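Q: One structure is given below, represented as structure tokens, and several questions about it will come after.
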Amino acid sequence: MLHDVCRVRHQIGRLTKTNRCPRFYVLKNMTSMTAVITEALNILIKPVLESSSSSVPSTAHDALLRKLQHNLSVSQEKFQTDPMYREVSSLRQQVKAGSEWSEETKDVAWNFVTEILVLLTCLKQCMAALLGSFSPAEPNLKTPEAAPALPPDVLSIAQQKVVQSALQFVVTLGICPYLLPGVGIPLKRRSEFGAMLESVSGGTLPYGIRRLFISCTVLLGVAEHASLGSMVLTRHLGDILAGLCQLGHCPNRSKAGQPTITDNTKILSVEECTGCKKALQSLLGKVYQPIIIRELLILQGGPKQVKASAGSGSRQPLAQAPPWLRRLCGQLLSERLMQPNGVQAVVRGILEGAGAGAAGGQDAEAAAADWRKCDSIARILASCPQQSLSLVDYYRRVCPQVLDLLHIRDRLTARQFQRVATTTVLTLVQEQPELAEKYLLAPLLSPLTRCLGTGDHKLSPGSITVEESDLSQCIEDIYKVCVVGNNPGPALLNSLGNVIQVIFCLFCFTKQNVSHLRSACQEILLWFLLQADPPQAVTALKHISGLSVQTEGISPDHHFSPGSEGGAVFTVREPTCDADDALYEKVSSEQWAVECFVDLLSNLKENRLSGDFFIHLLKGLTGMAVEGEQEGEEPQPLTSMSFLELEQHRIQQATRQEERLLTLQLLAAMCEKLSHTLLHNPVQVIEFICAMLKRACVSLDQGVEGTVEAQTLSMGMGLVATMLVGAAKLQSEDYAAMKELLPLLDQISQRHPEQLIQELASDLHISIATHGAFTTETVAKAARNTAGKEELIPERPSENTASKTTEKTKRRNSDKTPKKNPNVPGTAVTSQMDTAHCKNTGPVSHPVAQSSSRGGPHADPAEAGRLLSECLLEAVDPEVPTRAAALRTLTRMVQNRNAEVLHNQDKLLTLFLENLEHSDSFVYLSAIQGLAVLSDVFPEQILLRLLKEFEESPKEMKKPHSLETRLKTGEALMRATRALGDLAPRFGTPLIHAFLRGTRDSDSTVRASSLSNLGELCQRLHFALGAVVHELSSCLTALIKTDSEAEVRRAAVHVIALLLRGLNDNATQVLSDVLRDLYRVLKHVVQHDRDDVTVLHAQLALEELDDVMRRYIFPAQKLEKKIVVLP
């Protein structure tokens, strides 16, 4: 190529000296030569129409040959006669003289190919000379937006089409016919015209290797120019690769399988074969690697046996490639894979071939959904190629590249690459756990691993140990691999278990701050706990809760700090000089960790892991009691210890004490927040009972007798009795689990000092041993007392709330009788059994239950007074059902206009207002209903008192009303307003003023409540609104346009809708002055408000206004007769 370019430049210099023309004229002359060459190529490829008068029959093969010969003749005539072609003809003759392959033969098709190759070589030389002589002007700094000068070697669109067509003829006539079967895609698979072209060069088989060599080498020479190379390689890379593979690596055999002819002019020399191999390697390293991967996969051919799929349609599978080509393509693909960024090139080559495009095209979603393709790529990456030096070397090179696939940021491309990366990581971990842990999981978890240990003490306070980007990327990668991949394995769980405490500490930190890592950390923790085996999960819970210190944890000198991008950084903690502050910080952080731990367990409601850990803590508590007894029995003399031993002994004691306190703290927190979701099945309940009975046995061994021990034993034995009498359906495996209770019950029946406890333990032992076939009355009574609800026990009628209240009242009255000593073990069980023996099983009447019949207006005053006293007493009872029933009874008595109740309205008002502050909805809703009924009976007194309670409390009050109490008072006012009915205008002014003042409250909830009450009131005021309509309109408009809370704006728009709905046809009269303002503010909401619910309310209000105006403008036509009586 260099020799040809120099020769063209020499010719340009000679023309310059001879004609004494300026340089731009020479450039213009060379540009015209480029145009002439492309015109000559156009003559060669231009289709020729045969005359219809020719009567000689011909096949498509003969017709094609005649057209090729005709175009060659026309081209030769142009070069000989046309003066415009003189310089191009001279250059053409020089190229033909310098090449041995341009000789004419009897094969018309090959002559056509050589002529195109000669012209393409001339075009390349002209374009190279033009580019070499081009010197662009310096850019003007004053106009940097101006486009740079266009190089002179750029072809026009029409010229590019001509060159591309010429290249297509070279490939179809000079390369494809000489490829062996199975090498490349045959022409007949491309088009019908290609099938006809296969037979054009059929008689030149002995010269096929040489002609293939000429075509490939000349095209590679043409492709050395940038503009021409892009056209050659973008469309014909696969055919050139197939030709080079056959020329450089094919065994010495011909198409028919016979040895090739030994004529040196027809076969390649060793140097030429070596040159083809080098050209192949150069081409593979020069082109975009994903394209190379795709072309090599196509050259590798299809499998030996292909099963037709149902959805394949008309697509035909690739033909089977020769064995030597399959081996060669496999070797080349392995080399591409082992290169830097080779994994990404392989993934892109396969996925982009599926239609995703380099940046994720419109088919990227479909490619991402094709999980079979992603899994196939993962299996390819997970299998070590034969060309690799060793499995260790392959993992060392590939694993970092697989992790890089997780960090692609493009949204559409990332979906595909991350699926491949996730599947590859999981496959590598399953096949080679040790190597994957070293080269894959260790780098993946390295930011979290650096958080463990004591750290570098030489770092100054505030120094960053782990950067925010590293932590965020690590958490995201773990989430993608574990949670999204969701294919747990022992190696993955073990590696993640080593850093699970760091993830939990990071989770606790994100719960205290606003961070995007919170949900990811929580999902990772839950995934690990759900996927791990129960023993491993319980061990992990011990580890993250702080009970287990077997592995190295986070150094107390380091902690997590907020990052600048919403993440976290791991830094060196600032030292605290004050010991009290350090202790407070440590205690508060431990308490926060316990709260986060319980919150994490609350997300495992459907899993039995929380119950298993709870039972494990109870067993550990029993073990601590045994250790405490052993330490008390055998105290080691401190005088015999050295100072080091004494220090270690003190540290061990402090550690054990901290563990006991933490265990109690965890048990208390779990009982408080997870009490209803801890135990899911009878087996867990049995394990819970076993732990309790073991603790009771330890107390018997230590001789400890107290209330706690007695209650523990009572609860455990009562639960066993409840399960045995039928409260739970027990299966054979449940009775098998109960066998662990037999030695404990036997020990209690022999060693407990109380006779009743011994008998109950013995009876329970018999019932468990007989699988419930024999149950004594003692067991049934203990079960009824423990269950607390009669519906759980068979053969007992259920009692209503009134009967339960009676039993509770009896228990309160029985408190005056002497009791047994509660410190004596077994007292609780004995008293419960005696109470169960004396309990009346029939229904018991109660004054509250009969209030509807005896609390009417004509009831006996004495009886009514007694009933009122009882209800007032029950209304302050700590039991929720009793208090709510008493409140509803009083409300019913007010409705019935009971005279005794009406005389005590102040007491009732105070009672109802106090019960508004109760947290249980059953109580405060009853109080709200009572206030509404009381307001209906005494509107003047009660409404004014409720309005004062609803308004914001003054600052000088000792106990201001809470937000919840004010909202409940507002609910009572709304119900009272509804109950007023036509009397609403009588009290409209104070109610409206109070609600309007409430719309200016600092709390958005109070503002919304005031607006809701205002809407209910405006529906019933009708013409009484005339005095305040301007004030009401101004308030609503200001709230709608200025309030930042969406719920307040919704309520304000809803008030307008209720106002229009209540006034109906009278809206045009009452709201005549403000109707236009209300319409404009509603249109403003529809056009500008961002809250969808507010817009919906505004649209409904506009519909109400539209109906009103339609009825006003177009009144309904009534067909009626008017009869006038004349005087």
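Labeling convention for the structure tokens: chains A, B, ... as they appear, residues from 1 per chain, ligands from 1 in order of appearance.
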Hey, what's within 10 Å of region 912-927 of chain A if we count only C-alpha atoms and toss same-chain stuff fewer than 5 positions away? As an MDAnalysis selection string, please?

A: chainID A and resid 875:876 880:891 906:907 932:934 946 949 961:962 964:969 971:972

Q: Please produce a file of the residues just selected, as a tab-separated table (two decimals), in the first residue's frame, where the atoms kept are N, CA, C and O atoms.

A:
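Saved file out_4.tsv follows:
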chain	number	residue	atom	x	y	z
A	875	ALA	N	-67.91	2.76	84.37
A	875	ALA	CA	-67.35	3.59	83.30
A	875	ALA	C	-65.91	3.99	83.55
A	875	ALA	O	-65.26	4.51	82.64
A	876	VAL	N	-65.42	3.80	84.77
A	876	VAL	CA	-64.02	4.09	85.07
A	876	VAL	C	-63.25	2.82	85.36
A	876	VAL	O	-62.14	2.88	85.91
A	880	VAL	N	-61.47	-2.81	79.39
A	880	VAL	CA	-62.04	-2.11	78.24
A	880	VAL	C	-63.48	-2.54	77.96
A	880	VAL	O	-64.37	-1.69	77.77
A	881	PRO	N	-63.83	-3.84	77.92
A	881	PRO	CA	-65.23	-4.20	77.63
A	881	PRO	C	-66.21	-3.66	78.67
A	881	PRO	O	-67.31	-3.21	78.33
A	882	THR	N	-65.82	-3.70	79.94
A	882	THR	CA	-66.70	-3.21	80.99
A	882	THR	C	-66.95	-1.71	80.84
A	882	THR	O	-68.08	-1.23	80.93
A	883	ARG	N	-65.88	-0.96	80.61
A	883	ARG	CA	-66.02	0.49	80.48
A	883	ARG	C	-66.86	0.85	79.26
A	883	ARG	O	-67.74	1.72	79.33
A	884	ALA	N	-66.62	0.21	78.12
A	884	ALA	CA	-67.38	0.52	76.91
A	884	ALA	C	-68.85	0.17	77.07
A	884	ALA	O	-69.74	0.92	76.63
A	885	ALA	N	-69.14	-0.97	77.72
A	885	ALA	CA	-70.54	-1.35	77.93
A	885	ALA	C	-71.25	-0.35	78.83
A	885	ALA	O	-72.42	0.02	78.59
A	886	ALA	N	-70.56	0.15	79.85
A	886	ALA	CA	-71.18	1.14	80.74
A	886	ALA	C	-71.45	2.45	80.00
A	886	ALA	O	-72.50	3.08	80.18
A	887	LEU	N	-70.50	2.87	79.14
A	887	LEU	CA	-70.70	4.11	78.38
A	887	LEU	C	-71.89	3.99	77.42
A	887	LEU	O	-72.68	4.93	77.27
A	888	ARG	N	-72.02	2.86	76.77
A	888	ARG	CA	-73.15	2.68	75.86
A	888	ARG	C	-74.48	2.60	76.64
A	888	ARG	O	-75.53	3.05	76.14
A	889	THR	N	-74.45	2.05	77.83
A	889	THR	CA	-75.66	2.01	78.65
A	889	THR	C	-76.08	3.42	79.05
A	889	THR	O	-77.27	3.79	78.98
A	890	LEU	N	-75.14	4.25	79.44
A	890	LEU	CA	-75.45	5.63	79.78
A	890	LEU	C	-75.98	6.39	78.57
A	890	LEU	O	-76.90	7.21	78.69
A	891	THR	N	-75.39	6.14	77.40
A	891	THR	CA	-75.87	6.80	76.18
A	891	THR	C	-77.32	6.41	75.89
A	891	THR	O	-78.16	7.25	75.52
A	906	ASP	N	-73.91	17.17	84.02
A	906	ASP	CA	-72.52	17.62	84.18
A	906	ASP	C	-71.58	16.45	84.46
A	906	ASP	O	-70.46	16.38	83.92
A	907	LYS	N	-72.04	15.52	85.30
A	907	LYS	CA	-71.21	14.33	85.55
A	907	LYS	C	-71.02	13.52	84.28
A	907	LYS	O	-69.91	13.02	83.99
A	932	ALA	N	-72.54	13.08	71.43
A	932	ALA	CA	-73.47	13.48	70.37
A	932	ALA	C	-74.92	13.40	70.87
A	932	ALA	O	-75.73	14.31	70.62
A	933	VAL	N	-75.26	12.33	71.57
A	933	VAL	CA	-76.62	12.19	72.10
A	933	VAL	C	-76.89	13.25	73.17
A	933	VAL	O	-77.98	13.84	73.23
A	934	LEU	N	-75.92	13.50	74.01
A	934	LEU	CA	-76.08	14.50	75.05
A	934	LEU	C	-76.26	15.90	74.46
A	934	LEU	O	-77.02	16.73	74.97
A	946	LEU	N	-68.28	21.77	74.19
A	946	LEU	CA	-67.49	21.04	73.21
A	946	LEU	C	-66.68	21.99	72.33
A	946	LEU	O	-65.54	21.67	71.93
A	949	GLU	N	-63.64	22.91	74.20
A	949	GLU	CA	-62.69	21.80	74.22
A	949	GLU	C	-62.00	21.63	72.87
A	949	GLU	O	-60.84	21.21	72.79
A	961	HIS	N	-54.84	19.95	75.93
A	961	HIS	CA	-55.41	18.79	75.26
A	961	HIS	C	-54.47	18.32	74.15
A	961	HIS	O	-53.88	19.13	73.44
A	962	SER	N	-54.40	17.01	73.99
A	962	SER	CA	-53.57	16.44	72.93
A	962	SER	C	-54.28	16.56	71.59
A	962	SER	O	-55.48	16.87	71.51
A	964	GLU	N	-54.96	14.15	69.49
A	964	GLU	CA	-55.95	13.10	69.32
A	964	GLU	C	-57.26	13.46	70.01
A	964	GLU	O	-58.36	13.23	69.48
A	965	THR	N	-57.16	14.06	71.21
A	965	THR	CA	-58.38	14.44	71.94
A	965	THR	C	-59.15	15.52	71.20
A	965	THR	O	-60.39	15.48	71.12
A	966	ARG	N	-58.45	16.47	70.63
A	966	ARG	CA	-59.13	17.52	69.87
A	966	ARG	C	-59.81	16.95	68.64
A	966	ARG	O	-60.92	17.37	68.27
A	967	LEU	N	-59.17	16.00	67.99
A	967	LEU	CA	-59.79	15.38	66.80
A	967	LEU	C	-61.03	14.58	67.20
A	967	LEU	O	-62.04	14.58	66.47
A	968	LYS	N	-60.95	13.89	68.33
A	968	LYS	CA	-62.13	13.16	68.79
A	968	LYS	C	-63.27	14.11	69.16
A	968	LYS	O	-64.45	13.83	68.89
A	969	THR	N	-62.93	15.26	69.75
A	969	THR	CA	-63.94	16.27	70.05
A	969	THR	C	-64.58	16.80	68.76
A	969	THR	O	-65.79	17.04	68.69
A	971	GLU	N	-64.94	15.11	66.04
A	971	GLU	CA	-65.85	14.07	65.57
A	971	GLU	C	-67.18	14.14	66.32
A	971	GLU	O	-68.26	13.99	65.72
A	972	ALA	N	-67.11	14.39	67.62
A	972	ALA	CA	-68.35	14.53	68.39
A	972	ALA	C	-69.15	15.73	67.92
A	972	ALA	O	-70.39	15.68	67.83

Q: Record the distance separating CA of Leu693 (chain A) and CA of Leu713 (chain A), expressed in Å with one decimal.

A: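 Result for CA of Leu693 (chain A) versus CA of Leu713 (chain A): 6.3 Å, one decimal.
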
Q: Figure out the distance between CA of Glu590 (chain A) and CA of His559 (chain A), please, to one decimal in Å.

A: 13.4 Å

Q: What's the separation between CA of Arg892 (chain A) and CA of Ser1012 (chain A), in Å to one decimal place?

A: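 CA of Arg892 (chain A) sits 27.1 Å away from CA of Ser1012 (chain A).
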
Q: Any idea what's packed within 9 Å of Lys78 (chain A), counting only C-alpha atoms, ignoring anything in its chain fewer than 6 positions away? Could you give it as a ChimeraX atom specification?

A: /A:40,84-85

Q: May I ask which of the residues A:Val95, A:Leu674, A:Met738, A:Pro461 is the closest one to Leu604 (chain A), counting only C-alpha atoms?

A: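 The answer is A:Leu674, which sits nearest to Leu604 (chain A).
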
Q: Out of A:Val347, A:Ile464, A:Val1086, A:Leu662, which residue has the shortest atom-to-atom distance to Arg419 (chain A) when counting only C-alpha atoms?

A: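 Of A:Val347, A:Ile464, A:Val1086, A:Leu662, the one nearest Arg419 (chain A) is A:Val347, counting only C-alpha atoms.
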
Q: List the spatial neighbours of Tyr178 (chain A) as a ChimeraX atom specification - criterion: any atom at most 6 Å away, only C-alpha atoms, same-chain residues fewer than 2 positions off excluded.

A: /A:175-176,208

Q: Residues within 9 Å of Val88 (chain A), please, as a PyMOL selection string. Count only C-alpha atoms; anything in the same chain fewer than 3 positions from it doesn't count.

A: chain A and resi 33-34+36-37+79+84-85+91-93+119+122
